[in-house]
$ cat upload13.tsv   # TSV, C-alpha atoms
chain	number	residue	atom	x	y	z
C	1	MET	CA	176.80	16.88	86.69
C	2	ASN	CA	179.26	15.18	89.04
C	3	GLN	CA	179.13	16.02	92.70
C	4	PRO	CA	182.26	17.87	93.94
C	5	PHE	CA	184.55	15.90	96.17
C	6	SER	CA	184.21	16.88	99.82
C	7	PHE	CA	186.38	15.70	102.69
C	8	ASN	CA	185.42	15.96	106.34
C	9	PRO	CA	188.33	14.92	108.59
C	10	ASP	CA	185.97	14.61	111.57
C	11	ASP	CA	184.01	11.75	109.98
C	12	THR	CA	185.24	8.32	111.01
C	13	LEU	CA	186.12	5.74	108.40
C	14	TRP	CA	183.43	3.32	109.53
C	15	SER	CA	180.58	5.78	110.01
C	16	VAL	CA	177.15	4.85	108.65
C	17	PRO	CA	174.64	7.49	107.46
C	18	SER	CA	172.69	8.44	110.58
C	19	ALA	CA	169.27	7.77	109.04
C	20	VAL	CA	170.26	4.19	108.17
C	21	SER	CA	171.93	3.59	111.52
C	22	ASP	CA	168.96	4.96	113.48
C	23	ARG	CA	166.49	2.75	111.62
C	24	LEU	CA	168.58	-0.38	112.14
C	25	ARG	CA	169.08	0.36	115.82
C	26	ALA	CA	165.39	1.10	116.36
C	27	ARG	CA	164.47	-2.32	115.01
C	28	GLN	CA	166.72	-3.98	117.57
C	29	GLN	CA	165.69	-2.05	120.65
C	30	ASN	CA	162.76	-2.57	123.00
C	31	THR	CA	161.92	-6.08	121.76
C	32	GLU	CA	161.14	-7.24	125.29
C	33	PHE	CA	158.92	-4.23	125.94
C	34	ASN	CA	157.06	-4.72	122.66
C	35	ALA	CA	156.39	-8.34	123.61
C	36	PHE	CA	155.22	-7.08	127.02
C	37	VAL	CA	152.75	-4.72	125.33
C	38	PHE	CA	151.38	-7.53	123.14
C	39	CYS	CA	150.96	-9.71	126.23
C	40	GLY	CA	149.18	-6.82	127.93
C	41	ILE	CA	146.67	-6.50	125.11
C	42	TYR	CA	146.04	-10.23	125.24
C	43	SER	CA	145.68	-10.06	129.02
C	44	LEU	CA	143.05	-7.31	128.79
C	45	VAL	CA	141.02	-9.41	126.35
C	46	ALA	CA	141.44	-12.52	128.51
C	47	ILE	CA	140.42	-10.66	131.69
C	48	ALA	CA	137.33	-9.26	129.96
C	49	ILE	CA	136.32	-12.76	128.80
C	50	LEU	CA	136.93	-14.22	132.25
C	51	LEU	CA	134.79	-11.53	133.87
C	52	ILE	CA	131.95	-12.31	131.45
C	53	PHE	CA	132.23	-16.02	132.26
C	54	GLY	CA	132.38	-15.23	135.97
C	55	PHE	CA	129.21	-13.15	135.97
C	56	ALA	CA	127.49	-15.80	133.84
C	57	ALA	CA	128.44	-18.39	136.46
C	58	LEU	CA	126.92	-16.21	139.17
C	59	GLN	CA	123.67	-16.02	137.22
C	60	ARG	CA	123.65	-19.84	137.01
C	61	GLN	CA	124.03	-19.99	140.79
C	62	GLU	CA	127.58	-21.40	140.61
C	63	PRO	CA	129.43	-19.20	143.12
C	64	ALA	CA	132.42	-21.56	143.54
C	65	PHE	CA	133.07	-21.72	139.80
C	66	ALA	CA	132.64	-17.93	139.52
C	67	ALA	CA	135.11	-17.37	142.38
C	68	VAL	CA	137.77	-19.42	140.59
C	69	ILE	CA	137.23	-17.55	137.31
C	70	PHE	CA	137.42	-14.19	139.09
C	71	GLY	CA	140.55	-15.45	140.86
C	72	PHE	CA	142.26	-16.16	137.55
C	73	ALA	CA	141.33	-12.69	136.30
C	74	ALA	CA	142.65	-11.04	139.48
C	75	ALA	CA	145.86	-13.10	139.39
C	76	THR	CA	146.47	-12.04	135.79
C	77	ALA	CA	145.94	-8.36	136.55
C	78	ILE	CA	148.01	-8.32	139.77
C	79	SER	CA	150.89	-10.37	138.33
C	80	TYR	CA	151.00	-8.23	135.22
C	81	GLY	CA	151.10	-5.09	137.34
C	82	LEU	CA	154.01	-6.46	139.37
C	83	ILE	CA	155.90	-7.27	136.18
C	84	TRP	CA	155.29	-3.75	134.93
C	85	LEU	CA	156.55	-2.20	138.19
C	86	SER	CA	159.64	-4.44	138.34
C	87	LYS	CA	160.32	-3.94	134.60
C	88	GLN	CA	161.04	-7.65	134.20
C	89	TYR	CA	159.15	-7.61	130.91
C	90	TYR	CA	160.31	-11.05	129.77
C	91	LEU	CA	158.21	-12.66	132.53
C	92	ALA	CA	154.95	-11.53	130.92
C	93	LYS	CA	154.89	-14.24	128.25
C	94	HIS	CA	155.58	-16.94	130.87
C	95	LEU	CA	152.84	-15.51	133.08
C	96	ILE	CA	150.17	-15.59	130.36
C	97	ALA	CA	151.08	-19.05	129.08
C	98	GLY	CA	151.32	-20.44	132.63
C	99	LEU	CA	148.00	-18.98	133.78
C	100	MET	CA	146.16	-20.14	130.65
C	101	GLY	CA	147.63	-23.62	131.02
C	102	SER	CA	146.51	-23.69	134.66
C	103	LEU	CA	143.03	-22.53	133.66
C	104	CYS	CA	142.82	-25.29	131.05
C	105	LEU	CA	143.77	-27.89	133.66
C	106	TYR	CA	141.18	-26.53	136.08
C	107	LEU	CA	138.40	-26.53	133.48
C	108	PHE	CA	139.36	-30.06	132.42
C	109	HIS	CA	139.32	-31.25	136.04
C	110	SER	CA	136.08	-29.50	136.98
C	111	GLY	CA	134.30	-29.96	133.66
C	112	GLY	CA	133.54	-26.25	133.29
C	113	THR	CA	129.99	-25.44	132.22
C	114	GLU	CA	128.04	-28.53	131.15
C	115	GLY	CA	131.24	-30.46	130.45
C	116	THR	CA	132.66	-27.96	127.94
C	117	GLY	CA	135.82	-27.15	129.93
C	118	PRO	CA	138.27	-29.00	127.62
C	119	VAL	CA	137.18	-26.84	124.66
C	120	PHE	CA	139.68	-24.19	125.80
C	121	TYR	CA	142.50	-26.62	124.95
C	122	MET	CA	141.93	-25.74	121.29
C	123	ALA	CA	143.19	-22.18	121.84
C	124	PHE	CA	146.17	-22.96	124.06
C	125	PRO	CA	148.67	-24.10	121.34
C	126	MET	CA	148.25	-20.91	119.34
C	127	VAL	CA	148.59	-18.74	122.46
C	128	ALA	CA	151.67	-20.63	123.70
C	129	VAL	CA	153.49	-20.49	120.37
C	130	PHE	CA	152.51	-16.85	119.72
C	131	LEU	CA	153.84	-15.73	123.09
C	132	GLN	CA	156.78	-18.08	123.60
C	133	GLY	CA	158.07	-18.72	120.11
C	134	PHE	CA	158.93	-21.98	118.42
C	135	PHE	CA	160.91	-23.86	121.07
C	136	MET	CA	159.33	-22.73	124.36
C	137	GLY	CA	155.85	-22.87	122.83
C	138	PHE	CA	156.46	-26.51	121.95
C	139	VAL	CA	157.61	-27.17	125.54
C	140	TYR	CA	154.43	-25.61	126.99
C	141	ILE	CA	152.20	-27.59	124.60
C	142	VAL	CA	153.82	-30.91	125.50
C	143	LEU	CA	153.83	-30.05	129.23
C	144	LEU	CA	150.09	-29.29	129.24
C	145	ALA	CA	149.34	-32.53	127.37
C	146	LEU	CA	151.41	-34.59	129.84
C	147	LEU	CA	149.83	-32.94	132.90
C	148	THR	CA	146.34	-33.53	131.48
C	149	LEU	CA	147.16	-37.18	130.82
C	150	PHE	CA	148.46	-37.51	134.37
C	151	VAL	CA	145.24	-36.03	135.80
C	152	TYR	CA	143.10	-38.33	133.67
C	153	VAL	CA	145.02	-41.55	134.36
C	154	SER	CA	145.73	-41.02	138.06
C	155	GLY	CA	142.41	-39.44	139.03
C	156	PHE	CA	144.35	-36.58	140.63
C	157	LEU	CA	142.38	-34.73	143.37
C	158	GLY	CA	139.33	-36.87	142.83
C	159	PHE	CA	139.03	-36.38	139.07
C	160	ASP	CA	135.94	-38.15	137.70
C	161	THR	CA	136.81	-39.88	134.42
C	162	ALA	CA	133.13	-40.63	133.82
C	163	GLN	CA	132.24	-36.98	133.19
C	164	TYR	CA	133.72	-37.15	129.67
C	165	GLY	CA	132.91	-39.63	126.95
C	166	VAL	CA	135.70	-41.36	125.07
C	167	VAL	CA	134.54	-39.96	121.74
C	168	PHE	CA	134.48	-36.40	123.11
C	169	LEU	CA	138.00	-36.68	124.54
C	170	THR	CA	139.25	-38.22	121.31
C	171	ARG	CA	137.88	-35.30	119.34
C	172	ILE	CA	139.42	-32.78	121.74
C	173	ALA	CA	142.80	-34.55	121.62
C	174	THR	CA	142.72	-34.67	117.81
C	175	VAL	CA	141.93	-30.96	117.46
C	176	TYR	CA	144.60	-30.15	120.08
C	177	LEU	CA	147.16	-32.15	118.10
C	178	ILE	CA	146.21	-30.54	114.76
C	179	THR	CA	146.20	-27.03	116.22
C	180	SER	CA	149.57	-27.64	117.88
C	181	PHE	CA	151.08	-28.91	114.63
C	182	LEU	CA	149.83	-25.91	112.65
C	183	ALA	CA	150.96	-23.41	115.29
C	184	ILE	CA	154.43	-24.96	115.60
C	185	PHE	CA	154.78	-25.31	111.84
C	186	TYR	CA	153.96	-21.62	111.35
C	187	SER	CA	156.28	-20.58	114.18
C	188	TYR	CA	159.12	-22.63	112.71
C	189	TYR	CA	158.89	-20.85	109.36
C	190	LYS	CA	158.65	-17.53	111.17
C	191	TYR	CA	161.84	-18.47	113.02
C	192	LEU	CA	163.57	-19.25	109.70
C	193	PHE	CA	162.41	-15.91	108.29
C	194	GLU	CA	163.72	-14.01	111.32
C	195	ARG	CA	166.99	-15.91	111.06
C	196	GLU	CA	167.29	-14.86	107.43
C	197	LEU	CA	166.72	-11.23	108.44
C	198	LEU	CA	169.45	-11.57	111.06
C	199	LEU	CA	171.87	-12.90	108.45
C	200	ILE	CA	171.00	-9.99	106.15
C	201	TYR	CA	171.66	-7.59	109.04
C	202	GLU	CA	175.05	-9.23	109.68
C	203	ASP	CA	175.91	-9.00	105.99
C	204	LEU	CA	175.00	-5.30	106.01
C	205	GLU	CA	177.17	-4.70	109.04
C	206	MET	CA	180.11	-6.39	107.31
C	207	LEU	CA	179.62	-4.08	104.33
C	208	THR	CA	179.36	-0.92	106.42
C	209	PHE	CA	182.25	-1.77	108.78
C	210	ALA	CA	180.29	-0.34	111.74
C	211	ASP	CA	178.79	-1.99	114.77
C	212	GLN	CA	175.18	-0.82	114.73
C	213	ASN	CA	174.79	-0.77	118.52
C	214	THR	CA	177.87	1.20	119.56
C	215	GLY	CA	178.61	3.10	116.35
C	216	ILE	CA	182.32	2.20	116.43
C	217	ALA	CA	184.25	-0.05	114.06
C	218	ASN	CA	183.26	-3.71	113.89
C	219	ARG	CA	185.57	-6.71	113.82
C	220	THR	CA	185.60	-6.90	110.02
C	221	LEU	CA	187.11	-3.44	109.69
C	222	MET	CA	189.47	-3.94	112.62
C	223	GLU	CA	190.90	-7.12	111.10
C	224	LYS	CA	191.64	-5.21	107.88
C	225	LEU	CA	193.28	-2.35	109.78
C	226	LEU	CA	195.38	-4.72	111.89
C	227	ILE	CA	196.65	-6.50	108.79
C	228	THR	CA	197.51	-3.14	107.20
C	229	GLU	CA	199.35	-1.95	110.31
C	230	PHE	CA	201.21	-5.24	110.63
C	231	LYS	CA	202.39	-5.03	107.00
C	232	ARG	CA	203.51	-1.46	107.61
C	233	TYR	CA	205.45	-2.65	110.66
C	234	GLN	CA	207.10	-5.43	108.69
C	235	ARG	CA	208.19	-3.05	105.92
C	236	TYR	CA	209.01	0.18	107.75
C	237	GLY	CA	209.37	-0.90	111.37
C	238	PHE	CA	206.55	1.34	112.59
C	239	LYS	CA	205.45	-0.33	115.80
C	240	PHE	CA	201.91	-0.20	117.11
C	241	SER	CA	200.08	-1.32	120.22
C	242	MET	CA	196.69	-2.84	120.98
C	243	MET	CA	194.31	-2.75	123.91
C	244	LEU	CA	191.77	-5.49	124.58
C	245	ILE	CA	189.04	-4.38	126.98
C	246	SER	CA	186.23	-6.11	128.84
C	247	ILE	CA	183.61	-4.45	131.06
C	248	ASP	CA	183.76	-6.23	134.42
C	249	SER	CA	180.11	-5.71	135.38
C	250	PHE	CA	178.57	-6.29	131.93
C	251	ASP	CA	177.07	-9.70	132.77
C	252	LYS	CA	175.74	-8.42	136.11
C	253	ILE	CA	174.05	-5.40	134.52
C	254	SER	CA	172.59	-7.51	131.68
C	255	SER	CA	171.15	-10.08	134.09
C	256	GLN	CA	169.74	-7.42	136.43
C	257	TYR	CA	168.30	-4.98	133.89
C	258	GLY	CA	168.07	-7.02	130.69
C	259	GLN	CA	170.06	-7.23	127.46
C	260	ASN	CA	168.98	-3.75	126.35
C	261	ALA	CA	170.65	-2.29	129.44
C	262	GLY	CA	173.88	-4.09	128.59
C	263	ASP	CA	173.75	-2.67	125.08
C	264	ALA	CA	173.19	0.81	126.53
C	265	VAL	CA	176.29	0.42	128.73
C	266	PHE	CA	178.33	-0.56	125.68
C	267	ARG	CA	177.10	2.52	123.80
C	268	ALA	CA	178.12	4.70	126.75
C	269	VAL	CA	181.55	3.02	126.90
C	270	ALA	CA	181.98	3.66	123.17
C	271	ASP	CA	181.26	7.35	123.82
C	272	VAL	CA	183.97	7.34	126.51
C	273	PHE	CA	186.37	5.87	123.94
C	274	GLN	CA	185.61	8.60	121.44
C	275	LYS	CA	186.25	11.32	124.03
C	276	SER	CA	189.33	9.79	125.65
C	277	LEU	CA	191.33	8.40	122.73
C	278	ARG	CA	193.50	10.27	120.28
C	279	GLY	CA	192.28	10.94	116.74
C	280	PRO	CA	194.34	8.19	115.02
C	281	ASP	CA	193.33	5.52	117.57
C	282	VAL	CA	190.61	3.16	116.34
C	283	PRO	CA	188.18	1.54	118.82
C	284	SER	CA	186.19	-1.52	117.74
C	285	LEU	CA	183.81	-4.13	119.08
C	286	TRP	CA	185.94	-7.27	118.87
C	287	GLN	CA	183.73	-9.86	120.56
C	288	ARG	CA	180.21	-9.71	121.95
C	289	ASP	CA	181.59	-8.41	125.26
C	290	GLN	CA	185.08	-7.19	124.33
C	291	PHE	CA	186.54	-4.09	122.69
C	292	LEU	CA	189.83	-3.93	120.82
C	293	ILE	CA	191.59	-0.60	120.26
C	294	LEU	CA	194.35	-0.07	117.73
C	295	LEU	CA	196.98	2.53	118.64
C	296	PRO	CA	199.14	3.26	115.60
C	297	ASN	CA	202.78	4.41	116.07
C	298	THR	CA	202.46	3.86	119.80
C	299	GLY	CA	204.94	2.07	122.06
C	300	LYS	CA	204.13	-0.09	125.05
C	301	GLU	CA	204.63	2.59	127.70
C	302	SER	CA	202.50	5.17	125.89
C	303	ALA	CA	199.82	2.52	125.36
C	304	ARG	CA	199.89	1.68	129.08
C	305	LEU	CA	199.35	5.32	130.01
C	306	ALA	CA	196.48	5.62	127.54
C	307	ALA	CA	194.93	2.42	128.90
C	308	GLN	CA	195.21	3.61	132.51
C	309	ARG	CA	193.57	6.93	131.57
C	310	LEU	CA	190.79	5.05	129.79
C	311	CYS	CA	190.32	2.69	132.74
C	312	ASP	CA	189.96	5.67	135.09
C	313	HIS	CA	187.44	7.40	132.81
C	314	ILE	CA	185.26	4.29	132.64
C	315	SER	CA	185.34	3.68	136.41
C	316	ASN	CA	184.43	7.34	137.07
C	317	HIS	CA	181.64	7.42	134.49
C	318	GLN	CA	178.01	7.18	135.63
C	319	PHE	CA	175.84	4.87	133.54
C	320	PHE	CA	172.16	5.72	133.84
C	321	ILE	CA	169.95	2.64	133.47
C	322	ASP	CA	166.19	2.98	133.97
C	323	GLY	CA	166.84	6.24	135.77
C	324	LYS	CA	169.38	4.68	138.15
C	325	ALA	CA	173.06	5.64	138.21
C	326	GLU	CA	175.35	2.62	137.97
C	327	LYS	CA	179.11	2.29	138.05
C	328	ALA	CA	181.20	0.02	135.85
C	329	SER	CA	184.86	-0.87	135.60
C	330	ALA	CA	187.08	-2.26	132.88
C	331	SER	CA	189.89	-4.78	132.65
C	332	ILE	CA	192.41	-3.84	129.98
C	333	ALA	CA	195.20	-5.90	128.46
C	334	VAL	CA	197.93	-4.04	126.55
C	335	CYS	CA	200.58	-5.33	124.19
C	336	GLU	CA	202.99	-3.99	121.61
C	337	ILE	CA	203.58	-5.72	118.31
C	338	GLY	CA	206.83	-7.69	118.36
C	339	GLU	CA	208.42	-10.80	116.93
C	340	LYS	CA	205.25	-12.88	117.05
C	341	ASP	CA	202.87	-12.88	114.13
C	342	LEU	CA	199.53	-11.10	114.41
C	343	PRO	CA	197.32	-14.12	115.37
C	344	GLN	CA	199.76	-15.16	118.11
C	345	THR	CA	199.91	-11.62	119.44
C	346	ILE	CA	196.13	-11.33	119.65
C	347	GLN	CA	195.87	-14.78	121.25
C	348	GLY	CA	198.36	-13.71	123.91
C	349	LEU	CA	196.37	-10.51	124.43
C	350	GLU	CA	193.17	-12.53	124.99
C	351	ILE	CA	194.93	-14.78	127.53
C	352	LEU	CA	196.28	-11.72	129.31
C	353	LEU	CA	192.80	-10.17	129.49
C	354	TYR	CA	191.31	-13.41	130.81
C	355	LYS	CA	193.86	-13.44	133.64
C	356	ALA	CA	193.20	-9.77	134.40
C	357	SER	CA	189.41	-10.16	134.55
C	358	ARG	CA	189.73	-13.30	136.69
C	359	GLN	CA	191.68	-11.34	139.28
C	360	ALA	CA	190.42	-8.14	140.86
C	361	GLY	CA	189.26	-6.45	137.64
C	362	ASN	CA	189.46	-2.67	137.06
C	363	GLN	CA	193.12	-2.87	136.18
C	364	VAL	CA	195.57	-2.56	133.31
C	365	VAL	CA	197.87	-5.47	132.56
C	366	VAL	CA	200.79	-5.08	130.13
C	367	GLU	CA	202.36	-8.01	128.32

$ encode --input "upload13.tsv" --output "structure tokens"
Amino acid sequence: MNQPFSFNPDDTLWSVPSAVSDRLRARQQNTEFNAFVFCGIYSLVAIAILLIFGFAALQRQEPAFAAVIFGFAAATAISYGLIWLSKQYYLAKHLIAGLMGSLCLYLFHSGGTEGTGPVFYMAFPMVAVFLQGFFMGFVYIVLLALLTLFVYVSGFLGFDTAQYGVVFLTRIATVYLITSFLAIFYSYYKYLFERELLLIYEDLEMLTFADQNTGIANRTLMEKLLITEFKRYQRYGFKFSMMLISIDSFDKISSQYGQNAGDAVFRAVADVFQKSLRGPDVPSLWQRDQFLILLPNTGKESARLAAQRLCDHISNHQFFIDGKAEKASASIAVCEIGEKDLPQTIQGLEILLYKASRQAGNQVVVE
């Protein structure tokens, strides 16, 4: 039996079923925090191992070596706590990789227990690539190898080259190279797989016509609507206007609180759009940091008034980020369709917005 046709005028054209949208958005959020949690688990294991080695060194009557090991454990715990308090979660992976690299250099320089210090080099490539990813993991691996070579060749801080045999160092270097190759090779294919998932996500967004972060129309749908409105204008003379909007403090908020905070601001701005605009007006995410709003059957003066009202609503809105209230402002460029074709009109709108944002910001500029 066929389902009866039902029409809900409150549903937007580009809306995605909430269950699908929520799942897609959940997969994008909190990536930095998840990486922070993984680094925390690794840190707990590393601290436990270091404490065991430290107490073992005390039993062997090696207080200096035990003090250094305990120092690394304390530095890991304190630094990780500071990262947690500051919420700069992205620093955790650099902290772990940097501390482990420093520990490897120390154990190589001092010899560790009975000359087994360099054995820890075998684990470093996997840790670096796991935490840092393909590119930065490769950088850390090469950097540790170069620093170790410098210590060995230059005799840095009284390094004794005689404490290691050539055969032993050759074996360590060979295993380090093989482990690095396997770790980087695996990370590279993981990167390709994640890239493929990103492309699938972009394809899905093009099919649904909705931006998954803000819930408003995406550029694909807006381009179709603009073409339709332009054809209607050419045939019937029904003019329309457009607003191009940038959030003045978006880059500042993203750099201070992280990319997730910037996405949260954009979602809040999209909510302001939905509450402030008229029903026929269509807001969309045009660029990564720009919104474009289509105002059908609207002249330049009416569009200017709507843009000024929208600008005031955004500047008066409180954006709560990590429990803190922040203010934001918007630069808005407004134009009415005229004798130019659609690409030229949009290009002029982008130039107008660039000039507006380069000035004082928080203003409406009309072509």

$ closest_residue --input "upload13.tsv" --among "C:Phe70, C:Val272, C:Asp248, C:Leu349" --to "Leu58 (chain C)" --atoms "all atoms listed in the file"
C:Phe70

$ closest_residue --input "upload13.tsv" --among "C:Pro283, C:Pro296, C:Gly40, C:Pro343" --to "Tyr80 (chain C)" --atoms "all atoms listed in the file"
C:Gly40

$ closest_residue --input "upload13.tsv" --among "C:Phe55, C:Phe230, C:Tyr236, C:Phe130" --to "Ile184 (chain C)" --atoms "all atoms listed in the file"
C:Phe130

$ residues_around --input "upload13.tsv" --residues "Gly237 (chain C)" --least-positions-apart "5" --cutoff "12 Å" --atoms "only C-alpha atoms" --output "ChimeraX atom specification"
/C:229-232,296-299,337-339

$ residues_around --input "upload13.tsv" --residues "Gly71 (chain C)" --least-positions-apart "2" --cutoff "12 Å" --atoms "only C-alpha atoms" --output "PyMOL selection string"
chain C and resi 47+50-51+53-54+63-69+73-79+99+102-103

$ atom_distance --input "upload13.tsv" --atom1 "CA of Trp286 (chain C)" --atom2 "CA of Asn218 (chain C)"
6.7 Å

$ closest_residue --input "upload13.tsv" --among "C:Gly155, C:Gly133, C:Gly165, C:Gly215" --to "Ser187 (chain C)" --atoms "all atoms listed in the file"
C:Gly133

$ atom_distance --input "upload13.tsv" --atom1 "CA of Lys224 (chain C)" --atom2 "CA of Glu336 (chain C)"
17.9 Å

$ residues_around --input "upload13.tsv" --residues "region 350-356 of chain C" --least-positions-apart "4" --cutoff "7 Å" --atoms "all atoms listed in the file" --output "ChimeraX atom specification"
/C:244,331-333,346,361,365

$ atom_distance --input "upload13.tsv" --atom1 "CA of Ala48 (chain C)" --atom2 "CA of Phe36 (chain C)"
18.3 Å

$ closest_residue --input "upload13.tsv" --among "C:Phe185, C:Tyr140, C:Phe150, C:Tyr121" --to "Leu169 (chain C)" --atoms "only C-alpha atoms"
C:Tyr121

$ closest_residue --input "upload13.tsv" --among "C:Asp281, C:Leu44, C:Val127, C:Ala268" --to "Leu226 (chain C)" --atoms "only C-alpha atoms"
C:Asp281

$ axis_aligned_box --input "upload13.tsv" --around "region 169-183 of chain C" --padding-each-side "8 Å" --output "JSON"
{"center_x": 144.5, "center_y": -30.8, "center_z": 118.6, "size_x": 29.2, "size_y": 30.8, "size_z": 27.9}

$ residues_around --input "upload13.tsv" --residues "Val119 (chain C)" --least-positions-apart "6" --cutoff "9 Å" --atoms "all atoms listed in the file" --output "JSON, numbers by chain"
{"C": [104, 107, 108, 172]}

$ residues_near_point --input "upload13.tsv" --point "(163.8, -20.2, 119.2)" --cutoff "12 Å" --atoms "only C-alpha atoms" --output "ChimeraX atom specification"
/C:129-139,184,187-195
